[in-house]
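> So that you have it, the file is query.cif, and it contains mmCIF, C-alpha atoms:
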```
data_protein
#
loop_
_atom_site.group_PDB
_atom_site.id
_atom_site.type_symbol
_atom_site.label_atom_id
_atom_site.label_comp_id
_atom_site.auth_asym_id
_atom_site.auth_seq_id
_atom_site.Cartn_x
_atom_site.Cartn_y
_atom_site.Cartn_z
ATOM 1 C CA MET A 1 -189.391 100.843 46.279
ATOM 2 C CA LYS A 2 -190.278 103.291 49.052
ATOM 3 C CA ILE A 3 -188.312 106.527 49.120
ATOM 4 C CA ALA A 4 -188.276 109.198 51.831
ATOM 5 C CA ILE A 5 -187.219 112.735 51.078
ATOM 6 C CA ILE A 6 -186.375 114.301 54.421
ATOM 7 C CA TYR A 7 -185.849 118.032 54.023
ATOM 8 C CA SER A 8 -185.160 121.191 55.970
ATOM 9 C CA THR A 9 -185.656 124.653 54.617
ATOM 10 C CA SER A 10 -185.532 128.227 55.818
ATOM 11 C CA SER A 11 -187.545 129.320 52.800
ATOM 12 C CA LYS A 12 -189.835 127.310 50.548
ATOM 13 C CA ASN A 13 -187.080 126.606 47.988
ATOM 14 C CA THR A 14 -186.071 123.202 49.253
ATOM 15 C CA LYS A 15 -189.657 122.092 49.807
ATOM 16 C CA ASN A 16 -190.583 123.175 46.274
ATOM 17 C CA ALA A 17 -187.530 121.471 44.776
ATOM 18 C CA CYS A 18 -188.337 118.280 46.702
ATOM 19 C CA LYS A 19 -191.943 118.341 45.453
ATOM 20 C CA ILE A 20 -190.740 118.704 41.882
ATOM 21 C CA LEU A 21 -188.246 115.874 42.409
ATOM 22 C CA SER A 22 -190.823 113.589 44.022
ATOM 23 C CA ASN A 23 -193.140 114.011 41.028
ATOM 24 C CA LYS A 24 -190.366 112.903 38.679
ATOM 25 C CA ILE A 25 -189.394 109.751 40.596
ATOM 26 C CA ARG A 26 -191.186 106.564 39.557
ATOM 27 C CA ALA A 27 -191.661 105.101 43.023
ATOM 28 C CA SER A 28 -193.594 105.660 46.205
ATOM 29 C CA VAL A 29 -192.109 108.909 47.550
ATOM 30 C CA GLN A 30 -192.913 110.489 50.899
ATOM 31 C CA LEU A 31 -191.931 114.106 51.611
ATOM 32 C CA ILE A 32 -191.039 114.534 55.278
ATOM 33 C CA PRO A 33 -190.192 117.942 56.770
ATOM 34 C CA ILE A 34 -187.320 117.687 59.241
ATOM 35 C CA GLU A 35 -189.635 118.782 62.064
ATOM 36 C CA LYS A 36 -191.674 115.591 61.588
ATOM 37 C CA ALA A 37 -188.792 113.231 60.794
ATOM 38 C CA LYS A 38 -188.244 110.488 63.332
ATOM 39 C CA THR A 39 -185.661 107.734 63.473
ATOM 40 C CA ALA A 40 -188.475 105.354 62.499
ATOM 41 C CA CYS A 41 -188.769 107.242 59.212
ATOM 42 C CA LEU A 42 -185.422 105.828 58.194
ATOM 43 C CA LEU A 43 -186.431 102.255 58.903
ATOM 44 C CA LYS A 44 -189.638 102.305 56.811
ATOM 45 C CA TYR A 45 -187.960 103.264 53.540
ATOM 46 C CA ASN A 46 -185.650 101.536 51.062
ATOM 47 C CA PHE A 47 -183.911 104.743 50.017
ATOM 48 C CA ILE A 48 -183.398 108.068 51.806
ATOM 49 C CA ILE A 49 -182.883 111.455 50.191
ATOM 50 C CA LEU A 50 -181.708 114.167 52.575
ATOM 51 C CA ALA A 51 -182.250 117.737 51.411
ATOM 52 C CA GLY A 52 -181.336 121.055 52.953
ATOM 53 C CA SER A 53 -180.953 124.674 52.067
ATOM 54 C CA ALA A 54 -177.706 126.442 52.771
ATOM 55 C CA TYR A 55 -178.047 130.118 53.523
ATOM 56 C CA ASN A 56 -174.777 132.041 53.838
ATOM 57 C CA GLY A 57 -172.991 128.695 53.830
ATOM 58 C CA LYS A 58 -174.964 127.236 56.738
ATOM 59 C CA VAL A 59 -177.670 124.605 56.788
ATOM 60 C CA GLN A 60 -180.444 124.463 59.374
ATOM 61 C CA ASN A 61 -179.370 123.070 62.735
ATOM 62 C CA ALA A 62 -182.372 120.723 62.806
ATOM 63 C CA LEU A 63 -181.007 118.814 59.803
ATOM 64 C CA LYS A 64 -177.508 118.621 61.294
ATOM 65 C CA ARG A 65 -178.926 117.301 64.588
ATOM 66 C CA TYR A 66 -181.070 114.733 62.751
ATOM 67 C CA ILE A 67 -178.060 113.477 60.804
ATOM 68 C CA SER A 68 -175.916 113.369 63.938
ATOM 69 C CA ARG A 69 -178.558 111.417 65.906
ATOM 70 C CA ASN A 70 -179.113 108.962 63.053
ATOM 71 C CA ILE A 71 -175.667 108.663 61.493
ATOM 72 C CA LYS A 72 -175.365 104.931 62.182
ATOM 73 C CA THR A 73 -178.682 104.118 60.467
ATOM 74 C CA LEU A 74 -177.960 106.541 57.613
ATOM 75 C CA LYS A 75 -174.639 104.813 56.938
ATOM 76 C CA GLU A 76 -176.482 101.494 56.586
ATOM 77 C CA LYS A 77 -179.108 102.828 54.132
ATOM 78 C CA PRO A 78 -178.772 103.819 50.497
ATOM 79 C CA ILE A 79 -178.898 107.615 50.468
ATOM 80 C CA ALA A 80 -178.745 110.623 48.172
ATOM 81 C CA LEU A 81 -178.099 114.237 49.112
ATOM 82 C CA VAL A 82 -179.580 117.508 47.871
ATOM 83 C CA MET A 83 -178.668 121.091 48.639
ATOM 84 C CA ASN A 84 -180.318 124.311 47.633
ATOM 85 C CA CYS A 85 -177.787 127.120 47.506
ATOM 86 C CA GLU A 86 -176.034 129.481 45.159
ATOM 87 C CA GLU A 87 -174.381 128.074 42.081
ATOM 88 C CA GLY A 88 -170.775 128.678 41.125
ATOM 89 C CA ILE A 89 -169.404 127.474 44.451
ATOM 90 C CA ASP A 90 -167.421 124.378 45.354
ATOM 91 C CA THR A 91 -170.435 122.073 45.617
ATOM 92 C CA LYS A 92 -168.469 119.120 47.031
ATOM 93 C CA ASP A 93 -167.057 121.305 49.818
ATOM 94 C CA ARG A 94 -170.494 122.723 50.637
ATOM 95 C CA LEU A 95 -171.993 119.209 50.672
ATOM 96 C CA ASN A 96 -169.233 118.014 53.023
ATOM 97 C CA LYS A 97 -169.923 120.912 55.400
ATOM 98 C CA THR A 98 -173.660 120.374 55.206
ATOM 99 C CA PHE A 99 -173.951 116.588 55.421
ATOM 100 C CA SER A 100 -170.469 115.378 56.500
ATOM 101 C CA GLU A 101 -167.757 114.010 54.266
ATOM 102 C CA GLU A 102 -168.629 110.483 55.365
ATOM 103 C CA LEU A 103 -172.216 110.719 54.067
ATOM 104 C CA VAL A 104 -171.197 112.515 50.868
ATOM 105 C CA ASP A 105 -168.710 109.750 50.036
ATOM 106 C CA LYS A 106 -171.344 107.093 50.781
ATOM 107 C CA SER A 107 -174.183 108.721 48.841
ATOM 108 C CA TYR A 108 -175.245 107.364 45.481
ATOM 109 C CA ILE A 109 -175.720 110.862 44.099
ATOM 110 C CA SER A 110 -175.522 114.389 45.444
ATOM 111 C CA SER A 111 -176.498 117.660 43.849
ATOM 112 C CA ASN A 112 -177.074 121.376 44.214
ATOM 113 C CA PHE A 113 -180.493 122.371 42.863
ATOM 114 C CA GLY A 114 -179.864 126.118 43.168
ATOM 115 C CA TYR A 115 -182.415 128.453 44.713
ATOM 116 C CA GLU A 116 -184.886 131.239 44.027
ATOM 117 C CA LEU A 117 -185.505 134.571 45.689
ATOM 118 C CA ASP A 118 -189.101 135.257 46.704
ATOM 119 C CA PRO A 119 -189.629 138.863 47.850
ATOM 120 C CA ASN A 120 -192.966 137.925 49.404
ATOM 121 C CA GLU A 121 -191.609 135.244 51.720
ATOM 122 C CA GLY A 122 -190.628 135.505 55.368
ATOM 123 C CA ASN A 123 -191.067 138.145 58.009
ATOM 124 C CA PHE A 124 -190.552 141.870 57.464
ATOM 125 C CA ILE A 125 -186.775 141.737 57.975
ATOM 126 C CA GLU A 126 -186.330 138.694 55.700
ATOM 127 C CA LYS A 127 -188.444 140.317 52.974
ATOM 128 C CA ARG A 128 -186.352 143.446 53.212
ATOM 129 C CA LYS A 129 -183.101 141.460 52.926
ATOM 130 C CA ILE A 130 -184.418 139.552 49.904
ATOM 131 C CA ASN A 131 -185.580 142.760 48.221
ATOM 132 C CA ASN A 132 -182.133 144.298 48.785
ATOM 133 C CA ILE A 133 -180.478 141.222 47.256
ATOM 134 C CA ILE A 134 -182.832 141.433 44.262
ATOM 135 C CA LYS A 135 -181.992 145.137 43.849
ATOM 136 C CA ASP A 136 -178.261 144.273 43.852
ATOM 137 C CA TYR A 137 -178.785 141.625 41.176
ATOM 138 C CA LYS A 138 -180.709 144.071 39.005
ATOM 139 C CA LYS A 139 -178.198 146.893 39.599
ATOM 140 C CA ASP A 140 -175.357 144.579 38.523
ATOM 141 C CA GLY A 141 -177.357 143.452 35.482
ATOM 142 C CA LYS A 142 -177.404 139.845 36.666
ATOM 143 C CA SER A 143 -180.244 137.388 36.248
ATOM 144 C CA LEU A 144 -182.026 136.376 39.425
ATOM 145 C CA PRO A 145 -181.166 132.877 40.658
ATOM 146 C CA VAL A 146 -183.615 130.087 39.781
ATOM 147 C CA LEU A 147 -183.997 126.427 40.601
ATOM 148 C CA ASN A 148 -181.826 124.355 38.281
ATOM 149 C CA MET A 149 -184.437 122.174 36.584
ATOM 150 C CA ASP A 150 -181.772 120.320 34.562
ATOM 151 C CA GLU A 151 -180.075 119.282 37.794
ATOM 152 C CA ILE A 152 -183.394 118.119 39.270
ATOM 153 C CA ASP A 153 -184.111 116.136 36.070
ATOM 154 C CA ASN A 154 -180.649 114.533 36.122
ATOM 155 C CA PHE A 155 -181.070 113.600 39.774
ATOM 156 C CA ALA A 156 -184.524 112.079 39.164
ATOM 157 C CA ASN A 157 -183.254 110.186 36.113
ATOM 158 C CA TYR A 158 -180.407 108.724 38.161
ATOM 159 C CA ILE A 159 -182.834 107.547 40.865
ATOM 160 C CA ASN A 160 -185.240 106.154 38.244
ATOM 161 C CA ASP A 161 -182.378 104.244 36.571
ATOM 162 C CA MET A 162 -181.515 102.744 39.959
ATOM 163 C CA ILE A 163 -185.146 101.728 40.460
ATOM 164 C CA ASP A 164 -185.322 100.185 36.974
ATOM 165 C CA LYS A 165 -182.176 98.116 37.621
ATOM 166 C CA ARG A 166 -183.280 96.978 41.059
ATOM 167 C CA VAL A 167 -184.027 93.304 41.446
ATOM 168 C CA ASP A 168 -186.261 92.342 44.355
#
```
Would it be possible to restate this file's structure as structure tokens?

Amino acid sequence: MKIAIIYSTSSKNTKNACKILSNKIRASVQLIPIEKAKTACLLKYNFIILAGSAYNGKVQNALKRYISRNIKTLKEKPIALVMNCEEGIDTKDRLNKTFSEELVDKSYISSNFGYELDPNEGNFIEKRKINNIIKDYKKDGKSLPVLNMDEIDNFANYINDMIDKRVD
């Protein structure tokens, strides 16, 4: 089975989560950044995983445009959906806003992998914002957000179970 993980990210969180996921899947997996994703990418693979980061409730426009341009093909392919955003939110609602209700309902599995804050990432303004967020977490005595490795493991196990049950 050939699997494509097409991802968009404003930070390295989604890329890192997708790399971790790809290493756990027992199949041929190709990581494709949204900037390099073409319609042909969808046709070469048996299964498509779309992944995006949601920052302040919004996903990158490039991913939304890609989905919009390729919605017909995506509806014909087996897909799974991944988000990287804060935990403790209505994940289904966020997925619907990010990927469309139609794709969420059609997907085999969807998940929120959480996110991490990296104070060394981005331009000066982004670094400053991240450092301020980190200060707020520490001031409130909260733990910093981290990628949810259990969720990534569960997602990979689901995909691997599908692969194991597949009959060519």
> So, counting all atoms listed in the file, which residue among A:Thr39, A:Asn70, A:Ser11, A:Gln60 is closest to A:Lys97?
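Among the listed residues, the smallest separation from A:Lys97 belongs to A:Gln60.
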> From the list A:Ile109, A:Leu74, A:Ser68, A:Ala17, which residue is nearest A:Gly52 when using all atoms listed in the file?
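Residue with the minimum atom-to-atom distance to A:Gly52: A:Ala17.
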> Step by step, work through what the PyMOL selection byres ((chain A and resi 105) around 12) selects in the shown file, and finish by giving those residues as a PyMOL selection string.
chain A and resi 75+78-81+92-93+95-96+99-104+106-110
> Write out, as a PDB file, in the frame of the given file, the residues just selected, with C-alpha atoms.

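Output (again.pdb):
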```pdb
ATOM      1  CA  LYS A  75    -174.639 104.813  56.938  1.00  0.00           C
ATOM      2  CA  PRO A  78    -178.772 103.819  50.497  1.00  0.00           C
ATOM      3  CA  ILE A  79    -178.898 107.615  50.468  1.00  0.00           C
ATOM      4  CA  ALA A  80    -178.745 110.623  48.172  1.00  0.00           C
ATOM      5  CA  LEU A  81    -178.099 114.237  49.112  1.00  0.00           C
ATOM      6  CA  LYS A  92    -168.469 119.120  47.031  1.00  0.00           C
ATOM      7  CA  ASP A  93    -167.057 121.305  49.818  1.00  0.00           C
ATOM      8  CA  LEU A  95    -171.993 119.209  50.672  1.00  0.00           C
ATOM      9  CA  ASN A  96    -169.233 118.014  53.023  1.00  0.00           C
ATOM     10  CA  PHE A  99    -173.951 116.588  55.421  1.00  0.00           C
ATOM     11  CA  SER A 100    -170.469 115.378  56.500  1.00  0.00           C
ATOM     12  CA  GLU A 101    -167.757 114.010  54.266  1.00  0.00           C
ATOM     13  CA  GLU A 102    -168.629 110.483  55.365  1.00  0.00           C
ATOM     14  CA  LEU A 103    -172.216 110.719  54.067  1.00  0.00           C
ATOM     15  CA  VAL A 104    -171.197 112.515  50.868  1.00  0.00           C
ATOM     16  CA  LYS A 106    -171.344 107.093  50.781  1.00  0.00           C
ATOM     17  CA  SER A 107    -174.183 108.721  48.841  1.00  0.00           C
ATOM     18  CA  TYR A 108    -175.245 107.364  45.481  1.00  0.00           C
ATOM     19  CA  ILE A 109    -175.720 110.862  44.099  1.00  0.00           C
ATOM     20  CA  SER A 110    -175.522 114.389  45.444  1.00  0.00           C
TER      21      SER A 110
END
```
> Please measure the separation of atom CA of A:Ile32 and atom CA of A:Glu76, giving the value in Å to one decimal.
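Value for the atom CA of A:Ile32-atom CA of A:Glu76 distance: 19.6 Å.
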> One decimal, Å: what's the distance from atom CA of A:Ser8 over to atom CA of A:Ile71, could you say?
16.7 Å
> Which residue gives the smallest distance to A:Met83 among A:Asn123, A:Ser143, A:Asn13, A:Asn61, with all atoms listed in the file counted?
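The shortest atom-to-atom distance to A:Met83 comes from A:Asn13.
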> My list of candidates is A:Lys138, A:Arg65, A:Lys77, A:Lys58. Which is closest to A:Ala4 when distances are computed with all atoms listed in the file?
A:Lys77
> When you draw a straight line from atom CA of A:Leu144 to atom CA of A:Gly88, how long is it in Å?
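For atom CA of A:Leu144 relative to atom CA of A:Gly88, the distance reads 13.7 Å.
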> Quick one: everything within 7 Å of A:Val146, counting only C-alpha atoms, minus sequence neighbours fewer than 5 positions away in the same chain. Send it as a list in words.
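Residues meeting the cut-off are Gly114, Tyr115 and Glu116 of chain A.
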> Have a look at A:Ile6, A:Ala62, A:Val82, A:Leu50 and name the one nearest to A:Glu151; count all atoms listed in the file.
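Of the candidates, the smallest distance to A:Glu151 is held by A:Val82.
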> Near A:Thr73, within 10 Å and counting all atoms listed in the file, which residues show up once chain neighbours fewer than 6 positions away are dropped, as an NGL selection string?
:A and (39 or 42-43 or 67)
> Have a look at A:Phe124, A:Tyr7, A:Phe113, A:Phe47 and name the one nearest to A:Tyr66; count only C-alpha atoms.
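Nearest to A:Tyr66: A:Tyr7.
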> Would you kindly translate the PyMOL selection byres ((chain A and resi 156-165) around 6) into the concrete residues it picks from this file, as a ChimeraX atom specification?
/A:24-25,153-155,166
